Amino acid sequence: MSTGHLTPAIAVVIPCFNEAVAIGTVIDDFRRHLPGARIVVFDNNSTDGTADVARKHGAEVRTERMQGKGNVVRSMFAKVDADVYIMVDGDATYDASAAPTLVARLLEEDLALVVGSRATEEDAAYRSGHKFGNWALTSLTSWIFGQSFNDMLSGYRVMSRAFVKSFPAHAQGFDTEVELAVHALELRLGTAEVPTAYFARPEGSHSKLSTYRDGWRILKTIIRMAKNGKPLAFFSVACAMCVALAIGLAIPLMQTYVATGLVPRFPTAILSASLALLGSIFLVCGLVLDTVSLGRREQKYAAYLLHSPRRIAGHASE
């Protein structure tokens, strides 16, 4: 029976689309700072030879045909097996030298997720529009789920096996970062955030992020996850809006009825009653779906425990 600690298997997973200019640097940097890690590049239909460059630099290359970062993340988590996962963009903007620190934080504190929050003074690295969008979306997530990260949309994350294998990936694009954050917040898992250097893209490399299109997609994802994760609160807001509008319409009618004994505006009365009924339906929906949501959270947490580090360690020591 072995009682020694096994070295965790670390996988650096890199989603890529047309990053031939930068991917070689990313692979070399992570191999230098994590020499024992498995480096896997997931090419998302690149047309600039990204896959060939990655192979020349010694990375394992796989292809995901369904376009979009969310689809790549789903594929990465399903096809790569490891104890610790480092997910990083292939654009050479994240600091590979911080990886050992992030991994150590994850293992020493038995966390599920460590986010490398972006710290930079280069205007070209982090555009003001993206900063504002990140702040707004992060604040909204914090308001909905009670807590959040300072840089929820960072593409630099270190994750445990349990976190990865219990993650129900639904997003197709850059909104996958929101799903990852909300998965940790919803299950109240151990998380941390470590400031890491963030650099401008290499010359000749171009961002795939659209400020407005992807920002709108991320916002829709937050609303969808609020509805699914906090249905009682979500539908209670809809109920309150309907009831408030119904009362607002009913007050003048009641005043007229008290003064004259008549209800001269039947369409308004019918609308007010209908809004009150709709509000009641919203409330009932929230109560029912809240029970369903609790069951879903229990299932996801059971999946998390199934792959927990304690379970792996227990088997390793037998």
# chains A, B, ... in the order shown; residues from 1 in each chain; ligands from 1
call {"tool": "residues_around", "arguments": {"residues": "range 27-41 of chain A", "least_positions_apart": "2", "cutoff": "7 Å", "atoms": "only C-alpha atoms", "output": "PDB file with N, CA and C atoms, in the first residue's frame"}}
result
ATOM      1  N   ILE A  10      -1.004  17.210 -15.212  1.00  0.00           N
ATOM      2  CA  ILE A  10      -1.416  18.559 -15.603  1.00  0.00           C
ATOM      3  C   ILE A  10      -1.559  18.627 -17.119  1.00  0.00           C
ATOM      4  N   ALA A  11      -2.662  19.169 -17.565  1.00  0.00           N
ATOM      5  CA  ALA A  11      -2.891  19.354 -18.998  1.00  0.00           C
ATOM      6  C   ALA A  11      -3.114  20.835 -19.282  1.00  0.00           C
ATOM      7  N   VAL A  12      -2.364  21.368 -20.234  1.00  0.00           N
ATOM      8  CA  VAL A  12      -2.580  22.734 -20.713  1.00  0.00           C
ATOM      9  C   VAL A  12      -3.421  22.617 -21.988  1.00  0.00           C
ATOM     10  N   VAL A  13      -4.654  23.075 -21.919  1.00  0.00           N
ATOM     11  CA  VAL A  13      -5.558  22.971 -23.066  1.00  0.00           C
ATOM     12  C   VAL A  13      -5.736  24.359 -23.673  1.00  0.00           C
ATOM     13  N   ILE A  14      -5.534  24.451 -24.980  1.00  0.00           N
ATOM     14  CA  ILE A  14      -5.475  25.751 -25.655  1.00  0.00           C
ATOM     15  C   ILE A  14      -6.466  25.781 -26.816  1.00  0.00           C
ATOM     16  N   PRO A  15      -7.590  26.501 -26.668  1.00  0.00           N
ATOM     17  CA  PRO A  15      -8.514  26.664 -27.793  1.00  0.00           C
ATOM     18  C   PRO A  15      -7.943  27.670 -28.789  1.00  0.00           C
ATOM     19  N   CYS A  16      -7.973  27.337 -30.086  1.00  0.00           N
ATOM     20  CA  CYS A  16      -7.312  28.190 -31.079  1.00  0.00           C
ATOM     21  C   CYS A  16      -8.143  28.353 -32.343  1.00  0.00           C
ATOM     22  N   ILE A  23       0.773  31.005 -31.480  1.00  0.00           N
ATOM     23  CA  ILE A  23       0.634  29.722 -30.805  1.00  0.00           C
ATOM     24  C   ILE A  23       1.982  29.091 -30.465  1.00  0.00           C
ATOM     25  N   GLY A  24       2.983  29.264 -31.312  1.00  0.00           N
ATOM     26  CA  GLY A  24       4.302  28.696 -31.023  1.00  0.00           C
ATOM     27  C   GLY A  24       4.886  29.251 -29.740  1.00  0.00           C
ATOM     28  N   THR A  25       4.745  30.550 -29.544  1.00  0.00           N
ATOM     29  CA  THR A  25       5.237  31.196 -28.325  1.00  0.00           C
ATOM     30  C   THR A  25       4.512  30.669 -27.098  1.00  0.00           C
ATOM     31  N   ASP A  43      -7.659  22.993 -32.370  1.00  0.00           N
ATOM     32  CA  ASP A  43      -7.796  23.897 -33.517  1.00  0.00           C
ATOM     33  C   ASP A  43      -9.249  23.936 -33.976  1.00  0.00           C
ATOM     34  N   HIS A  57       5.948  22.757 -32.878  1.00  0.00           N
ATOM     35  CA  HIS A  57       6.441  23.122 -31.545  1.00  0.00           C
ATOM     36  C   HIS A  57       6.187  22.007 -30.528  1.00  0.00           C
ATOM     37  N   ALA A  59       3.331  20.261 -29.696  1.00  0.00           N
ATOM     38  CA  ALA A  59       2.062  20.115 -28.993  1.00  0.00           C
ATOM     39  C   ALA A  59       1.225  19.006 -29.629  1.00  0.00           C
ATOM     40  N   GLU A  60       0.368  18.421 -28.841  1.00  0.00           N
ATOM     41  CA  GLU A  60      -0.639  17.500 -29.353  1.00  0.00           C
ATOM     42  C   GLU A  60      -1.762  18.345 -29.950  1.00  0.00           C
ATOM     43  N   VAL A  61      -2.189  18.030 -31.160  1.00  0.00           N
ATOM     44  CA  VAL A  61      -3.196  18.846 -31.843  1.00  0.00           C
ATOM     45  C   VAL A  61      -4.447  18.030 -32.120  1.00  0.00           C
ATOM     46  N   ARG A  62      -5.572  18.594 -31.753  1.00  0.00           N
ATOM     47  CA  ARG A  62      -6.867  17.993 -32.067  1.00  0.00           C
ATOM     48  C   ARG A  62      -7.727  19.047 -32.764  1.00  0.00           C
ATOM     49  N   ALA A  96       2.651  32.839 -18.983  1.00  0.00           N
ATOM     50  CA  ALA A  96       2.872  31.422 -18.679  1.00  0.00           C
ATOM     51  C   ALA A  96       3.666  31.235 -17.391  1.00  0.00           C
ATOM     52  N   SER A  97       4.505  32.207 -17.027  1.00  0.00           N
ATOM     53  CA  SER A  97       5.313  32.064 -15.817  1.00  0.00           C
ATOM     54  C   SER A  97       4.465  32.035 -14.547  1.00  0.00           C
ATOM     55  N   PRO A 100       2.729  27.954 -12.633  1.00  0.00           N
ATOM     56  CA  PRO A 100       3.055  27.161 -11.434  1.00  0.00           C
ATOM     57  C   PRO A 100       2.423  27.717 -10.160  1.00  0.00           C
TER      58      PRO A 100
END
call {"tool": "closest_atom_pairs", "arguments": {"of": "range 152-188 of chain A", "to": "range 215-233 of chain A", "cutoff": "9 Å", "atoms": "only C-alpha atoms", "output": "tab-separated table"}}
result
residue	atom	partner	partner_atom	distance
A:Ala171	CA	A:Thr221	CA	7.9
A:Gly173	CA	A:Arg217	CA	8.1
A:Phe174	CA	A:Ile218	CA	7.3
A:Asp175	CA	A:Ile218	CA	4.7
A:Thr176	CA	A:Ile218	CA	8.3
A:Glu177	CA	A:Ile218	CA	8.8
A:Val178	CA	A:Ile218	CA	7.0
A:Glu179	CA	A:Thr221	CA	7.8
A:Val182	CA	A:Met225	CA	7.9
A:Glu186	CA	A:Gly229	CA	7.2
call {"tool": "select_by_dssp", "arguments": {"residues": "range 98-204 of chain A", "states": "helix (DSSP H, G or I)", "output": "PyMOL selection string"}}
result
chain A and resi 98-108+128-145+161-165+176-186
call {"tool": "write_last_selection", "arguments": {"atoms": "N, CA and C atoms", "output": "compact mmCIF listing (two decimals), in the first residue's frame"}}
result
# COMPACT_ATOMS: atom_id res chain seq x y z
N ALA A 98 3.22 32.49 -14.64
CA ALA A 98 2.32 32.47 -13.47
C ALA A 98 1.67 31.11 -13.28
N ALA A 99 1.77 30.22 -14.27
CA ALA A 99 1.07 28.94 -14.20
C ALA A 99 1.44 28.10 -12.98
N PRO A 100 2.73 27.95 -12.63
CA PRO A 100 3.05 27.16 -11.43
C PRO A 100 2.42 27.72 -10.16
N THR A 101 2.35 29.03 -10.06
CA THR A 101 1.73 29.65 -8.89
C THR A 101 0.23 29.35 -8.84
N LEU A 102 -0.43 29.43 -9.99
CA LEU A 102 -1.86 29.15 -10.05
C LEU A 102 -2.14 27.69 -9.70
N VAL A 103 -1.32 26.80 -10.24
CA VAL A 103 -1.50 25.37 -9.96
C VAL A 103 -1.28 25.10 -8.47
N ALA A 104 -0.23 25.69 -7.92
CA ALA A 104 0.07 25.48 -6.50
C ALA A 104 -1.08 25.98 -5.62
N ARG A 105 -1.66 27.10 -5.99
CA ARG A 105 -2.79 27.64 -5.22
C ARG A 105 -3.98 26.68 -5.27
N LEU A 106 -4.24 26.14 -6.44
CA LEU A 106 -5.34 25.19 -6.60
C LEU A 106 -5.15 23.96 -5.73
N LEU A 107 -3.94 23.39 -5.75
CA LEU A 107 -3.68 22.14 -5.04
C LEU A 107 -3.55 22.35 -3.54
N GLU A 108 -2.84 23.38 -3.13
CA GLU A 108 -2.59 23.60 -1.70
C GLU A 108 -3.86 23.95 -0.94
N SER A 128 -10.58 49.81 -23.60
CA SER A 128 -11.47 50.38 -22.59
C SER A 128 -12.89 49.85 -22.71
N GLY A 129 -13.35 49.63 -23.95
CA GLY A 129 -14.69 49.10 -24.15
C GLY A 129 -14.84 47.71 -23.56
N HIS A 130 -13.80 46.89 -23.71
CA HIS A 130 -13.83 45.55 -23.12
C HIS A 130 -13.76 45.61 -21.60
N LYS A 131 -12.98 46.57 -21.07
CA LYS A 131 -12.91 46.73 -19.61
C LYS A 131 -14.28 47.07 -19.05
N PHE A 132 -14.98 48.01 -19.69
CA PHE A 132 -16.30 48.42 -19.20
C PHE A 132 -17.28 47.26 -19.30
N GLY A 133 -17.26 46.55 -20.42
CA GLY A 133 -18.16 45.42 -20.60
C GLY A 133 -17.92 44.34 -19.57
N ASN A 134 -16.64 44.07 -19.29
CA ASN A 134 -16.29 43.06 -18.29
C ASN A 134 -16.79 43.50 -16.92
N TRP A 135 -16.59 44.78 -16.58
CA TRP A 135 -17.05 45.29 -15.28
C TRP A 135 -18.56 45.20 -15.16
N ALA A 136 -19.29 45.58 -16.21
CA ALA A 136 -20.75 45.57 -16.17
C ALA A 136 -21.30 44.16 -16.02
N LEU A 137 -20.76 43.23 -16.80
CA LEU A 137 -21.24 41.85 -16.75
C LEU A 137 -20.86 41.17 -15.44
N THR A 138 -19.66 41.48 -14.94
CA THR A 138 -19.23 40.93 -13.66
C THR A 138 -20.10 41.45 -12.53
N SER A 139 -20.44 42.74 -12.57
CA SER A 139 -21.29 43.33 -11.54
C SER A 139 -22.69 42.72 -11.58
N LEU A 140 -23.21 42.50 -12.79
CA LEU A 140 -24.53 41.90 -12.92
C LEU A 140 -24.54 40.47 -12.37
N THR A 141 -23.50 39.72 -12.66
CA THR A 141 -23.40 38.35 -12.14
C THR A 141 -23.32 38.35 -10.62
N SER A 142 -22.56 39.29 -10.07
CA SER A 142 -22.44 39.40 -8.61
C SER A 142 -23.78 39.72 -7.98
N TRP A 143 -24.56 40.59 -8.63
CA TRP A 143 -25.88 40.96 -8.11
C TRP A 143 -26.83 39.76 -8.12
N ILE A 144 -26.73 38.93 -9.16
CA ILE A 144 -27.63 37.78 -9.30
C ILE A 144 -27.23 36.65 -8.36
N PHE A 145 -25.93 36.34 -8.31
CA PHE A 145 -25.48 35.14 -7.60
C PHE A 145 -24.83 35.44 -6.25
N ARG A 161 -9.98 18.49 -11.75
CA ARG A 161 -10.67 17.48 -12.55
C ARG A 161 -12.16 17.44 -12.22
N ALA A 162 -12.48 17.52 -10.93
CA ALA A 162 -13.88 17.47 -10.52
C ALA A 162 -14.67 18.61 -11.14
N PHE A 163 -14.08 19.80 -11.17
CA PHE A 163 -14.76 20.96 -11.75
C PHE A 163 -15.01 20.75 -13.24
N VAL A 164 -13.99 20.30 -13.95
CA VAL A 164 -14.09 20.12 -15.40
C VAL A 164 -15.10 19.05 -15.77
N LYS A 165 -15.04 17.91 -15.09
CA LYS A 165 -15.89 16.79 -15.46
C LYS A 165 -17.34 16.96 -15.02
N THR A 176 -18.75 31.17 -22.85
CA THR A 176 -18.38 30.01 -22.04
C THR A 176 -17.69 30.42 -20.75
N GLU A 177 -16.96 31.56 -20.74
CA GLU A 177 -16.32 32.03 -19.51
C GLU A 177 -17.36 32.34 -18.43
N VAL A 178 -18.51 32.87 -18.85
CA VAL A 178 -19.58 33.15 -17.90
C VAL A 178 -20.09 31.84 -17.31
N GLU A 179 -20.29 30.85 -18.15
CA GLU A 179 -20.77 29.55 -17.66
C GLU A 179 -19.80 28.94 -16.65
N LEU A 180 -18.51 29.05 -16.93
CA LEU A 180 -17.51 28.49 -16.02
C LEU A 180 -17.59 29.17 -14.65
N ALA A 181 -17.71 30.50 -14.67
CA ALA A 181 -17.78 31.24 -13.41
C ALA A 181 -19.05 30.91 -12.64
N VAL A 182 -20.17 30.87 -13.34
CA VAL A 182 -21.46 30.62 -12.69
C VAL A 182 -21.53 29.19 -12.16
N HIS A 183 -20.90 28.25 -12.85
CA HIS A 183 -20.87 26.86 -12.38
C HIS A 183 -20.23 26.81 -10.99
N ALA A 184 -19.13 27.53 -10.80
CA ALA A 184 -18.46 27.56 -9.50
C ALA A 184 -19.30 28.28 -8.46
N LEU A 185 -19.91 29.40 -8.84
CA LEU A 185 -20.69 30.19 -7.89
C LEU A 185 -21.96 29.46 -7.48
N GLU A 186 -22.61 28.80 -8.44
CA GLU A 186 -23.88 28.13 -8.17
C GLU A 186 -23.70 26.97 -7.20
call {"tool": "decode", "arguments": {"residues": "range 4-33 of chain A", "atoms": "N, CA and C atoms", "output": "PDB file, in the first residue's frame"}}
result
ATOM      1  N   GLY A   4       2.553   7.514  -0.385  1.00  0.00           N
ATOM      2  CA  GLY A   4       3.152   8.721  -0.935  1.00  0.00           C
ATOM      3  C   GLY A   4       2.181   9.491  -1.803  1.00  0.00           C
ATOM      4  N   HIS A   5       2.484  10.746  -2.012  1.00  0.00           N
ATOM      5  CA  HIS A   5       1.649  11.589  -2.856  1.00  0.00           C
ATOM      6  C   HIS A   5       2.097  11.446  -4.307  1.00  0.00           C
ATOM      7  N   LEU A   6       1.124  11.249  -5.183  1.00  0.00           N
ATOM      8  CA  LEU A   6       1.407  11.161  -6.604  1.00  0.00           C
ATOM      9  C   LEU A   6       1.462  12.556  -7.205  1.00  0.00           C
ATOM     10  N   THR A   7       2.330  12.733  -8.177  1.00  0.00           N
ATOM     11  CA  THR A   7       2.386  14.009  -8.883  1.00  0.00           C
ATOM     12  C   THR A   7       1.151  14.138  -9.760  1.00  0.00           C
ATOM     13  N   PRO A   8       0.391  15.210  -9.621  1.00  0.00           N
ATOM     14  CA  PRO A   8      -0.835  15.335 -10.412  1.00  0.00           C
ATOM     15  C   PRO A   8      -0.526  15.483 -11.899  1.00  0.00           C
ATOM     16  N   ALA A   9      -1.355  14.885 -12.717  1.00  0.00           N
ATOM     17  CA  ALA A   9      -1.232  15.028 -14.169  1.00  0.00           C
ATOM     18  C   ALA A   9      -1.816  16.379 -14.577  1.00  0.00           C
ATOM     19  N   ILE A  10      -1.004  17.210 -15.212  1.00  0.00           N
ATOM     20  CA  ILE A  10      -1.416  18.559 -15.603  1.00  0.00           C
ATOM     21  C   ILE A  10      -1.559  18.627 -17.119  1.00  0.00           C
ATOM     22  N   ALA A  11      -2.662  19.169 -17.565  1.00  0.00           N
ATOM     23  CA  ALA A  11      -2.891  19.354 -18.998  1.00  0.00           C
ATOM     24  C   ALA A  11      -3.114  20.835 -19.282  1.00  0.00           C
ATOM     25  N   VAL A  12      -2.364  21.368 -20.234  1.00  0.00           N
ATOM     26  CA  VAL A  12      -2.580  22.734 -20.713  1.00  0.00           C
ATOM     27  C   VAL A  12      -3.421  22.617 -21.988  1.00  0.00           C
ATOM     28  N   VAL A  13      -4.654  23.075 -21.919  1.00  0.00           N
ATOM     29  CA  VAL A  13      -5.558  22.971 -23.066  1.00  0.00           C
ATOM     30  C   VAL A  13      -5.736  24.359 -23.673  1.00  0.00           C
ATOM     31  N   ILE A  14      -5.534  24.451 -24.980  1.00  0.00           N
ATOM     32  CA  ILE A  14      -5.475  25.751 -25.655  1.00  0.00           C
ATOM     33  C   ILE A  14      -6.466  25.781 -26.816  1.00  0.00           C
ATOM     34  N   PRO A  15      -7.590  26.501 -26.668  1.00  0.00           N
ATOM     35  CA  PRO A  15      -8.514  26.664 -27.793  1.00  0.00           C
ATOM     36  C   PRO A  15      -7.943  27.670 -28.789  1.00  0.00           C
ATOM     37  N   CYS A  16      -7.973  27.337 -30.086  1.00  0.00           N
ATOM     38  CA  CYS A  16      -7.312  28.190 -31.079  1.00  0.00           C
ATOM     39  C   CYS A  16      -8.143  28.353 -32.343  1.00  0.00           C
ATOM     40  N   PHE A  17      -8.137  29.572 -32.851  1.00  0.00           N
ATOM     41  CA  PHE A  17      -8.686  29.846 -34.173  1.00  0.00           C
ATOM     42  C   PHE A  17      -7.822  30.921 -34.826  1.00  0.00           C
ATOM     43  N   ASN A  18      -7.093  30.525 -35.847  1.00  0.00           N
ATOM     44  CA  ASN A  18      -6.212  31.445 -36.582  1.00  0.00           C
ATOM     45  C   ASN A  18      -5.242  32.174 -35.659  1.00  0.00           C
ATOM     46  N   GLU A  19      -4.405  31.394 -34.965  1.00  0.00           N
ATOM     47  CA  GLU A  19      -3.401  31.951 -34.052  1.00  0.00           C
ATOM     48  C   GLU A  19      -1.995  31.493 -34.435  1.00  0.00           C
ATOM     49  N   ALA A  20      -1.735  31.336 -35.735  1.00  0.00           N
ATOM     50  CA  ALA A  20      -0.428  30.850 -36.184  1.00  0.00           C
ATOM     51  C   ALA A  20       0.706  31.762 -35.737  1.00  0.00           C
ATOM     52  N   VAL A  21       0.440  33.056 -35.630  1.00  0.00           N
ATOM     53  CA  VAL A  21       1.478  34.017 -35.243  1.00  0.00           C
ATOM     54  C   VAL A  21       1.912  33.815 -33.796  1.00  0.00           C
ATOM     55  N   ALA A  22       0.984  33.417 -32.937  1.00  0.00           N
ATOM     56  CA  ALA A  22       1.244  33.408 -31.500  1.00  0.00           C
ATOM     57  C   ALA A  22       1.357  32.025 -30.879  1.00  0.00           C
ATOM     58  N   ILE A  23       0.773  31.005 -31.480  1.00  0.00           N
ATOM     59  CA  ILE A  23       0.634  29.722 -30.805  1.00  0.00           C
ATOM     60  C   ILE A  23       1.982  29.091 -30.465  1.00  0.00           C
ATOM     61  N   GLY A  24       2.983  29.264 -31.312  1.00  0.00           N
ATOM     62  CA  GLY A  24       4.302  28.696 -31.023  1.00  0.00           C
ATOM     63  C   GLY A  24       4.886  29.251 -29.740  1.00  0.00           C
ATOM     64  N   THR A  25       4.745  30.550 -29.544  1.00  0.00           N
ATOM     65  CA  THR A  25       5.237  31.196 -28.325  1.00  0.00           C
ATOM     66  C   THR A  25       4.512  30.669 -27.098  1.00  0.00           C
ATOM     67  N   VAL A  26       3.196  30.498 -27.205  1.00  0.00           N
ATOM     68  CA  VAL A  26       2.406  29.992 -26.077  1.00  0.00           C
ATOM     69  C   VAL A  26       2.872  28.593 -25.673  1.00  0.00           C
ATOM     70  N   ILE A  27       3.039  27.717 -26.664  1.00  0.00           N
ATOM     71  CA  ILE A  27       3.466  26.344 -26.385  1.00  0.00           C
ATOM     72  C   ILE A  27       4.848  26.326 -25.740  1.00  0.00           C
ATOM     73  N   ASP A  28       5.789  27.068 -26.314  1.00  0.00           N
ATOM     74  CA  ASP A  28       7.156  27.095 -25.777  1.00  0.00           C
ATOM     75  C   ASP A  28       7.197  27.642 -24.365  1.00  0.00           C
ATOM     76  N   ASP A  29       6.431  28.696 -24.097  1.00  0.00           N
ATOM     77  CA  ASP A  29       6.430  29.308 -22.763  1.00  0.00           C
ATOM     78  C   ASP A  29       5.880  28.356 -21.711  1.00  0.00           C
ATOM     79  N   PHE A  30       4.787  27.681 -22.021  1.00  0.00           N
ATOM     80  CA  PHE A  30       4.198  26.775 -21.027  1.00  0.00           C
ATOM     81  C   PHE A  30       5.058  25.523 -20.846  1.00  0.00           C
ATOM     82  N   ARG A  31       5.711  25.074 -21.898  1.00  0.00           N
ATOM     83  CA  ARG A  31       6.596  23.928 -21.735  1.00  0.00           C
ATOM     84  C   ARG A  31       7.795  24.299 -20.849  1.00  0.00           C
ATOM     85  N   ARG A  32       8.260  25.531 -20.955  1.00  0.00           N
ATOM     86  CA  ARG A  32       9.389  25.979 -20.149  1.00  0.00           C
ATOM     87  C   ARG A  32       9.016  26.083 -18.671  1.00  0.00           C
ATOM     88  N   HIS A  33       7.822  26.564 -18.398  1.00  0.00           N
ATOM     89  CA  HIS A  33       7.434  26.771 -17.000  1.00  0.00           C
ATOM     90  C   HIS A  33       6.739  25.558 -16.386  1.00  0.00           C
TER      91      HIS A  33
END
